[in-house]
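What's in work_15.cif: mmCIF, C-alpha atoms
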data_query
loop_
_atom_site.label_atom_id
_atom_site.label_comp_id
_atom_site.auth_asym_id
_atom_site.auth_seq_id
_atom_site.Cartn_x
_atom_site.Cartn_y
_atom_site.Cartn_z
CA MET A 1 -34.63 11.38 -9.98
CA THR A 2 -31.37 10.01 -11.39
CA ASN A 3 -30.17 6.63 -10.13
CA PRO A 4 -26.35 6.97 -9.77
CA ALA A 5 -25.75 3.21 -10.18
CA ALA A 6 -27.40 3.26 -13.62
CA LEU A 7 -24.93 5.89 -14.88
CA PRO A 8 -21.43 5.18 -16.17
CA ALA A 9 -19.05 5.81 -13.27
CA ASP A 10 -17.18 9.08 -13.13
CA TRP A 11 -13.40 8.83 -13.72
CA ARG A 12 -12.80 10.24 -10.24
CA ASP A 13 -14.52 7.19 -8.78
CA PHE A 14 -12.11 4.92 -10.63
CA LEU A 15 -9.27 6.96 -9.17
CA ALA A 16 -10.81 6.62 -5.69
CA LEU A 17 -10.90 2.83 -6.15
CA THR A 18 -7.10 2.80 -6.27
CA LYS A 19 -6.83 4.26 -2.72
CA PRO A 20 -4.33 6.98 -3.70
CA ARG A 21 -3.25 7.72 -0.11
CA VAL A 22 -2.29 4.10 0.57
CA MET A 23 -0.60 4.05 -2.83
CA SER A 24 1.67 6.95 -1.87
CA LEU A 25 3.34 4.95 0.94
CA VAL A 26 3.66 1.89 -1.31
CA VAL A 27 5.24 3.97 -4.10
CA PHE A 28 7.58 5.66 -1.66
CA SER A 29 8.83 2.39 -0.15
CA GLY A 30 9.25 0.89 -3.64
CA LEU A 31 11.22 3.94 -4.77
CA CYS A 32 13.44 3.76 -1.69
CA GLY A 33 14.07 0.05 -2.29
CA MET A 34 15.19 0.93 -5.80
CA LEU A 35 17.34 3.89 -4.72
CA ALA A 36 19.03 1.81 -2.00
CA ALA A 37 20.21 -0.71 -4.60
CA PRO A 38 23.87 -0.63 -5.67
CA VAL A 39 22.99 -0.18 -9.37
CA PHE A 40 20.43 2.05 -11.03
CA PRO A 41 18.36 1.23 -14.07
CA PRO A 42 18.05 3.88 -16.82
CA LEU A 43 15.72 6.65 -15.66
CA VAL A 44 12.78 5.67 -17.85
CA LEU A 45 12.97 2.03 -16.73
CA GLY A 46 13.17 3.07 -13.08
CA PHE A 47 10.19 5.37 -13.57
CA THR A 48 8.25 2.55 -15.25
CA ALA A 49 9.05 0.14 -12.41
CA ILE A 50 7.70 2.61 -9.85
CA LEU A 51 4.67 3.25 -12.07
CA CYS A 52 4.01 -0.50 -12.18
CA ILE A 53 4.26 -0.75 -8.37
CA ALA A 54 1.75 2.12 -8.14
CA LEU A 55 -0.61 0.50 -10.64
CA GLY A 56 -0.30 -2.85 -8.84
CA ALA A 57 -1.18 -1.15 -5.55
CA GLY A 58 -4.12 0.55 -7.27
CA ALA A 59 -5.30 -2.81 -8.57
CA CYS A 60 -5.15 -4.22 -5.04
CA GLY A 61 -7.26 -1.31 -3.78
CA ALA A 62 -9.83 -1.77 -6.54
CA LEU A 63 -10.12 -5.54 -6.07
CA ASN A 64 -10.28 -5.12 -2.30
CA GLN A 65 -13.17 -2.65 -2.65
CA TRP A 66 -14.88 -4.90 -5.21
CA TYR A 67 -14.77 -7.85 -2.81
CA GLU A 68 -15.63 -5.89 0.34
CA ALA A 69 -18.36 -3.61 -1.02
CA ASP A 70 -20.96 -5.09 1.37
CA LEU A 71 -18.64 -4.77 4.37
CA ASP A 72 -17.64 -1.22 3.42
CA ALA A 73 -21.31 -0.23 3.44
CA LYS A 74 -21.51 -1.19 7.13
CA MET A 75 -18.56 0.95 8.25
CA ARG A 76 -18.75 4.72 8.62
CA ARG A 77 -15.12 5.12 7.52
CA THR A 78 -15.74 3.36 4.18
CA ALA A 79 -19.46 3.86 3.46
CA LYS A 80 -18.79 6.77 1.08
CA ARG A 81 -16.55 4.76 -1.23
CA PRO A 82 -17.80 4.49 -4.85
CA LEU A 83 -19.26 0.95 -4.56
CA PRO A 84 -21.12 1.12 -1.21
CA ASP A 85 -22.32 4.63 -2.12
CA GLY A 86 -23.85 3.26 -5.35
CA ARG A 87 -21.78 5.45 -7.70
CA MET A 88 -20.32 2.45 -9.55
CA ASP A 89 -21.41 -1.08 -10.37
CA ARG A 90 -19.33 -3.97 -9.02
CA GLN A 91 -18.50 -5.43 -12.42
CA SER A 92 -16.78 -2.19 -13.49
CA ALA A 93 -14.63 -2.29 -10.35
CA LEU A 94 -13.72 -5.94 -10.99
CA HIS A 95 -12.79 -5.31 -14.63
CA PHE A 96 -10.80 -2.23 -13.66
CA GLY A 97 -8.90 -4.09 -10.92
CA VAL A 98 -8.08 -7.16 -13.01
CA GLY A 99 -7.10 -5.00 -16.00
CA LEU A 100 -4.85 -2.80 -13.90
CA ALA A 101 -3.20 -5.81 -12.21
CA SER A 102 -2.51 -7.59 -15.51
CA PHE A 103 -1.23 -4.42 -17.15
CA SER A 104 1.12 -3.56 -14.27
CA VAL A 105 2.67 -7.06 -14.19
CA LEU A 106 3.16 -7.25 -17.96
CA LEU A 107 4.63 -3.75 -18.17
CA MET A 108 7.00 -4.51 -15.27
CA GLY A 109 8.21 -7.65 -17.04
CA VAL A 110 8.75 -5.87 -20.35
CA ALA A 111 10.43 -2.79 -18.85
CA THR A 112 12.62 -4.29 -16.11
CA ASN A 113 12.84 -8.05 -15.50
CA TRP A 114 10.44 -10.95 -15.05
CA LEU A 115 11.57 -11.67 -11.47
CA ALA A 116 10.31 -8.23 -10.44
CA ALA A 117 7.12 -8.85 -12.46
CA ALA A 118 6.60 -12.24 -10.77
CA LEU A 119 7.05 -10.65 -7.33
CA LEU A 120 4.57 -7.93 -8.25
CA ALA A 121 2.07 -10.60 -9.34
CA VAL A 122 2.65 -12.55 -6.10
CA SER A 123 2.13 -9.41 -3.99
CA ILE A 124 -1.15 -8.57 -5.77
CA LEU A 125 -2.44 -12.14 -5.51
CA PHE A 126 -1.32 -12.34 -1.88
CA TYR A 127 -3.15 -9.11 -0.98
CA VAL A 128 -6.34 -10.02 -2.81
CA LEU A 129 -6.63 -13.78 -2.28
CA VAL A 130 -4.71 -14.48 0.93
CA TYR A 131 -5.42 -11.26 2.86
CA THR A 132 -8.74 -9.89 1.57
CA VAL A 133 -10.60 -13.09 0.67
CA TRP A 134 -9.11 -15.66 3.06
CA LEU A 135 -7.60 -14.14 6.21
CA LYS A 136 -9.39 -10.85 6.81
CA PRO A 137 -12.90 -12.23 7.40
CA ARG A 138 -11.65 -15.31 9.30
CA THR A 139 -8.86 -14.60 11.78
CA PRO A 140 -7.57 -11.81 14.05
CA GLN A 141 -4.11 -12.67 12.70
CA ASN A 142 -5.25 -11.27 9.31
CA ILE A 143 -3.02 -8.22 9.47
CA VAL A 144 0.01 -10.15 10.76
CA ILE A 145 0.19 -12.50 7.77
CA GLY A 146 -1.52 -10.15 5.31
CA GLY A 147 1.07 -7.50 6.16
CA ALA A 148 3.46 -9.37 3.88
CA ALA A 149 1.59 -7.96 0.86
CA GLY A 150 2.51 -4.39 1.82
CA ALA A 151 6.11 -5.42 2.51
CA PHE A 152 6.82 -6.40 -1.09
CA PRO A 153 7.32 -2.94 -2.73
CA PRO A 154 10.88 -2.20 -1.46
CA LEU A 155 11.88 -5.73 -2.48
CA ILE A 156 10.30 -5.26 -5.92
CA GLY A 157 12.00 -1.86 -6.32
CA TRP A 158 15.39 -3.40 -5.50
CA ILE A 159 14.90 -6.38 -7.82
CA ALA A 160 13.65 -4.13 -10.63
CA ALA A 161 17.02 -2.35 -10.38
CA THR A 162 19.35 -5.31 -9.82
CA GLY A 163 17.51 -8.46 -10.95
CA ASN A 164 18.63 -10.24 -7.75
CA PHE A 165 17.69 -10.79 -4.11
CA ALA A 166 20.02 -9.45 -1.40
CA ALA A 167 20.10 -9.13 2.39
CA LEU A 168 19.16 -5.43 2.60
CA PRO A 169 15.86 -5.60 0.63
CA LEU A 170 14.91 -8.72 2.63
CA LEU A 171 15.46 -6.68 5.81
CA LEU A 172 13.34 -3.87 4.34
CA PHE A 173 10.65 -6.50 3.74
CA ALA A 174 10.96 -7.58 7.39
CA ILE A 175 10.73 -3.98 8.65
CA VAL A 176 7.46 -3.27 6.79
CA PHE A 177 6.12 -6.73 7.69
CA LEU A 178 6.73 -6.16 11.42
CA TRP A 179 5.61 -2.51 11.26
CA THR A 180 2.19 -3.40 9.80
CA PRO A 181 0.55 -5.00 12.90
CA PRO A 182 1.29 -2.11 15.33
CA HIS A 183 0.26 0.39 12.63
CA PHE A 184 -3.09 -1.26 11.83
CA TRP A 185 -3.90 -2.35 15.38
CA ALA A 186 -3.45 1.24 16.59
CA LEU A 187 -6.03 2.29 13.98
CA SER A 188 -8.32 -0.64 14.71
CA LEU A 189 -8.43 0.29 18.40
CA PHE A 190 -10.07 3.64 17.81
CA VAL A 191 -12.34 2.42 14.97
CA ARG A 192 -13.12 -0.87 16.76
CA SER A 193 -16.90 -0.33 16.67
CA ASP A 194 -16.73 -0.04 12.87
CA TYR A 195 -14.96 -3.39 12.54
CA ALA A 196 -17.32 -4.97 15.07
CA ALA A 197 -20.36 -3.68 13.14
CA ALA A 198 -18.99 -5.15 9.91
CA GLY A 199 -18.18 -8.48 11.61
CA ILE A 200 -14.46 -8.30 10.76
CA PRO A 201 -12.48 -10.22 13.41
CA MET A 202 -9.79 -7.59 14.01
CA LEU A 203 -7.72 -8.24 17.12
CA PRO A 204 -9.43 -5.61 19.36
CA VAL A 205 -12.84 -7.08 18.46
CA VAL A 206 -11.83 -10.70 19.17
CA ALA A 207 -9.12 -10.50 21.85
CA GLY A 208 -10.08 -7.22 23.51
CA ILE A 209 -8.54 -3.79 23.82
CA GLN A 210 -5.87 -4.49 26.46
CA SER A 211 -4.61 -7.59 24.72
CA THR A 212 -4.28 -5.62 21.48
CA ARG A 213 -2.34 -2.87 23.29
CA ARG A 214 0.11 -5.48 24.65
CA GLN A 215 0.49 -7.03 21.20
CA ILE A 216 1.23 -3.60 19.69
CA PHE A 217 4.13 -3.15 22.10
CA LEU A 218 5.40 -6.72 21.65
CA TYR A 219 5.41 -6.43 17.83
CA SER A 220 7.16 -3.05 18.05
CA LEU A 221 10.20 -4.71 19.67
CA PRO A 222 11.24 -6.99 16.76
CA MET A 223 10.29 -4.18 14.37
CA ALA A 224 12.77 -1.87 16.10
CA VAL A 225 15.46 -4.58 16.00
CA ALA A 226 14.85 -5.17 12.26
CA ALA A 227 14.94 -1.41 11.63
CA VAL A 228 18.35 -0.97 13.26
CA ALA A 229 19.81 -4.29 12.02
CA PRO A 230 21.12 -3.07 8.61
CA TRP A 231 23.76 -0.94 10.36
CA PRO A 232 25.48 -3.59 12.59
CA LEU A 233 25.26 -5.98 9.65
CA GLY A 234 27.31 -3.54 7.61
CA LEU A 235 24.58 -2.95 5.02
CA THR A 236 24.21 0.77 5.79
CA GLY A 237 26.27 3.52 7.38
CA PRO A 238 26.10 5.16 10.83
CA ILE A 239 23.68 7.90 9.67
CA TYR A 240 21.05 5.28 9.06
CA GLY A 241 21.97 3.34 12.21
CA PHE A 242 21.70 6.38 14.48
CA SER A 243 18.51 7.68 12.86
CA ALA A 244 16.84 4.27 12.88
CA GLY A 245 17.74 3.94 16.57
CA VAL A 246 16.20 7.30 17.49
CA LEU A 247 13.10 6.81 15.31
CA SER A 248 12.55 3.31 16.70
CA PHE A 249 13.08 4.46 20.28
CA VAL A 250 10.31 7.07 19.87
CA PHE A 251 8.11 4.38 18.29
CA LEU A 252 8.69 2.14 21.34
CA VAL A 253 7.91 4.98 23.76
CA LEU A 254 4.61 5.68 21.95
CA ALA A 255 3.82 1.94 21.84
CA ALA A 256 4.52 1.74 25.60
CA ARG A 257 2.11 4.64 26.16
CA VAL A 258 -0.50 2.69 24.20
CA ALA A 259 0.21 -0.43 26.29
CA GLY A 260 -0.29 1.62 29.45
CA ASN A 261 -3.51 3.28 28.32
CA ARG A 262 -6.69 1.97 29.97
CA ALA A 263 -9.31 3.99 28.06
CA ALA A 264 -12.07 1.95 26.44
CA ASP A 265 -13.71 4.83 24.59
CA PRO A 266 -12.14 6.22 21.36
CA SER A 267 -12.24 9.73 22.87
CA GLY A 268 -9.61 8.60 25.41
CA MET A 269 -7.36 7.00 22.81
CA GLU A 270 -4.99 9.88 22.12
CA ALA A 271 -2.03 7.53 22.63
CA GLU A 272 -3.32 5.20 19.89
CA LYS A 273 -3.95 8.11 17.52
CA HIS A 274 -0.45 9.46 18.15
CA LEU A 275 1.10 6.06 17.51
CA PHE A 276 -0.90 5.62 14.29
CA ALA A 277 0.14 9.04 12.97
CA TYR A 278 3.76 8.52 14.06
CA SER A 279 3.90 5.06 12.47
CA VAL A 280 3.25 6.61 9.04
CA PHE A 281 5.93 9.25 9.64
CA TYR A 282 8.28 6.55 10.98
CA LEU A 283 8.26 4.50 7.80
CA PHE A 284 8.64 7.59 5.58
CA ALA A 285 11.53 8.88 7.73
CA LEU A 286 13.27 5.50 8.02
CA PHE A 287 13.27 4.93 4.28
CA THR A 288 14.29 8.52 3.56
CA VAL A 289 17.30 8.12 5.86
CA LEU A 290 18.15 4.81 4.22
CA VAL A 291 18.38 6.51 0.82
CA ALA A 292 20.22 9.54 2.26
CA ASP A 293 22.74 7.19 3.90
CA ARG A 294 23.35 5.55 0.54
CA PHE A 295 24.07 8.86 -1.20
CA LEU A 296 25.76 10.97 1.46
CA PRO A 297 29.55 10.58 1.45
CA TRP A 298 29.94 10.37 5.27
CA MET B 1 -35.34 16.02 -26.58
CA VAL B 2 -32.27 15.07 -24.49
CA SER B 3 -33.05 14.35 -20.84
CA HIS B 4 -30.91 15.48 -17.91
CA GLU B 5 -29.78 11.87 -17.38
CA ASP B 6 -28.65 11.56 -21.02
CA GLU B 7 -26.63 14.73 -20.60
CA ILE B 8 -24.84 13.32 -17.54
CA ILE B 9 -24.18 10.03 -19.34
CA ARG B 10 -22.70 11.79 -22.40
CA LYS B 11 -20.57 14.09 -20.27
CA ARG B 12 -19.13 11.17 -18.33
CA GLN B 13 -18.54 9.19 -21.52
CA ARG B 14 -16.75 12.20 -23.04
CA ASP B 15 -14.60 12.66 -19.92
CA ARG B 16 -13.67 8.99 -19.81
CA ALA B 17 -12.88 8.92 -23.54
CA ARG B 18 -10.59 11.95 -23.14
CA ILE B 19 -8.76 10.38 -20.23
CA MET B 20 -8.38 7.07 -22.07
CA ALA B 21 -6.97 8.94 -25.07
CA LEU B 22 -4.49 10.77 -22.85
CA LEU B 23 -3.44 7.56 -21.08
CA LEU B 24 -3.02 5.69 -24.37
CA GLY B 25 -0.94 8.55 -25.76
CA ALA B 26 1.23 8.51 -22.63
CA PHE B 27 1.59 4.72 -22.92
CA VAL B 28 2.78 4.99 -26.53
CA VAL B 29 5.38 7.60 -25.54
CA LEU B 30 6.47 5.49 -22.55
CA MET B 31 6.87 2.36 -24.72
CA PHE B 32 8.94 4.38 -27.19
CA PHE B 33 11.37 5.48 -24.48
CA ILE B 34 11.43 1.99 -22.88
CA THR B 35 12.43 0.56 -26.26
CA ILE B 36 15.17 3.20 -26.69
CA ALA B 37 16.49 2.48 -23.17
CA LYS B 38 16.41 -1.31 -23.64
CA THR B 39 18.18 -1.18 -26.99
CA GLY B 40 20.75 1.21 -25.45
CA MET B 41 21.44 -1.33 -22.67
CA ASN B 42 22.11 -4.07 -25.23
#

Starting from the coordinates I provided, produce the structure as structure tokens.
Amino acid sequence: MTNPAALPADWRDFLALTKPRVMSLVVFSGLCGMLAAPVFPPLVLGFTAILCIALGAGACGALNQWYEADLDAKMRRTAKRPLPDGRMDRQSALHFGVGLASFSVLLMGVATNWLAAALLAVSILFYVLVYTVWLKPRTPQNIVIGGAAGAFPPLIGWIAATGNFAALPLLLFAIVFLWTPPHFWALSLFVRSDYAAAGIPMLPVVAGIQSTRRQIFLYSLPMAVAAVAPWPLGLTGPIYGFSAGVLSFVFLVLAARVAGNRAADPSGMEAEKHLFAYSVFYLFALFTVLVADRFLPW
Amino acid sequence: MVSHEDEIIRKRQRDRARIMALLLGAFVVLMFFITIAKTGMN
């Protein structure tokens, strides 16, 4: 019988290490940050910047899976990943992650500017060291502070295009930062037993289900304010302002339904599942409208 | 005689080598166009 761990890993397993589905949202928000900027880099440099953001996100995924291989083995949702399933050795994942991270930062610096490269490096280090290694196994606030790592891409996209900070990309950072807790807590409510089995102190495991539901609603309020803010501040037009208002209102309604839900079993958590699915759509739609508002003449 | 395990190992090594070659080729092309774009900006 063949021992899978003794074989060289299949290339598809390396691809799986990069968490392509998570990467798609990161790439999209980075692209929107770049497209919302007042100046555009040459096409090939813009493409390279987005490629670097994607590779940086892939490196984060690989290093996260390298560090959490033992935890992933305890959770049904993650047990089939290449490392816990024994299809790859840990050292390969570590080398792949470090190589990808270094390559993405260097290429970003060479192709665009070193401020964007430095921010990319900070976001990777923040995700791996601050979120994965330090916060995630220690505190239920892990996702609140760790959410900053996922908020970097629109800022990096903007800075890759302009070379400077500005108010709008900082607001985009704030939107993703405030969006992350309701998004992840909605998920963690209906996979709570998985987190509990792995000993990860996610909020529903430590503070309880009802407290988490209240926190989801409370975090949704400043998120909605941050989402609408670019319009009254004169950074976007009315198309964005109106759309952000409607999208955020629906988000708040779904978050209120979650806050009012009393089910303790995942089978009764339709409200949480709806909010989780909508939260992904929300960010895609919000950023799409932001870019449309920038290009449409009215 | 080549065992079944050796066959799997060689196939995976071949696949990985092909993908590395493709990625390196793409990287060379990308660097070429980055250089053209950067020199054009200056």

Show me which bits of chain B are within 7 Å of chain A, counting only C-alpha atoms, as a CSV table (one decimal) with C-alpha atoms, keeping the file's coordinate frame.
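This went into part05.csv:
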chain,number,residue,atom,x,y,z
B,5,GLU,CA,-29.8,11.9,-17.4
B,9,ILE,CA,-24.2,10.0,-19.3
B,12,ARG,CA,-19.1,11.2,-18.3
B,16,ARG,CA,-13.7,9.0,-19.8
B,33,PHE,CA,11.4,5.5,-24.5
B,34,ILE,CA,11.4,2.0,-22.9
B,37,ALA,CA,16.5,2.5,-23.2

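For the pair CA of Ile156 (chain A) and CA of Tyr282 (chain A), the separation is 20.7 Å.
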
Target residues per the PyMOL selection byres ((chain A and resi 221-235) around 9), formatted as a compact mmCIF listing (two decimals) with C-alpha atoms, keeping the file's coordinate frame:
# COMPACT_ATOMS: atom_id res chain seq x y z
CA ALA A 167 20.10 -9.13 2.39
CA LEU A 168 19.16 -5.43 2.60
CA LEU A 171 15.46 -6.68 5.81
CA LEU A 172 13.34 -3.87 4.34
CA ALA A 174 10.96 -7.58 7.39
CA ILE A 175 10.73 -3.98 8.65
CA VAL A 176 7.46 -3.27 6.79
CA PHE A 177 6.12 -6.73 7.69
CA LEU A 178 6.73 -6.16 11.42
CA TRP A 179 5.61 -2.51 11.26
CA PHE A 217 4.13 -3.15 22.10
CA LEU A 218 5.40 -6.72 21.65
CA TYR A 219 5.41 -6.43 17.83
CA SER A 220 7.16 -3.05 18.05
CA THR A 236 24.21 0.77 5.79
CA GLY A 237 26.27 3.52 7.38
CA PRO A 238 26.10 5.16 10.83
CA ILE A 239 23.68 7.90 9.67
CA TYR A 240 21.05 5.28 9.06
CA GLY A 241 21.97 3.34 12.21
CA PHE A 242 21.70 6.38 14.48
CA SER A 243 18.51 7.68 12.86
CA ALA A 244 16.84 4.27 12.88
CA GLY A 245 17.74 3.94 16.57
CA LEU A 247 13.10 6.81 15.31
CA SER A 248 12.55 3.31 16.70
CA PHE A 249 13.08 4.46 20.28
CA PHE A 251 8.11 4.38 18.29
CA LEU A 252 8.69 2.14 21.34
CA LEU A 286 13.27 5.50 8.02

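The space separating CA of Ile216 (chain A) from CA of Pro182 (chain A) comes to 4.6 Å.
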
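Put simply, CA of Gly147 (chain A) is 24.9 Å away from CA of Pro82 (chain A).
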
Selection dump of the PyMOL selection byres ((chain A and resi 33) around 6), as a list in words: Gly30, Leu31, Cys32, Met34, Leu35, Ala36, Pro154, Gly157 and Trp158 of chain A
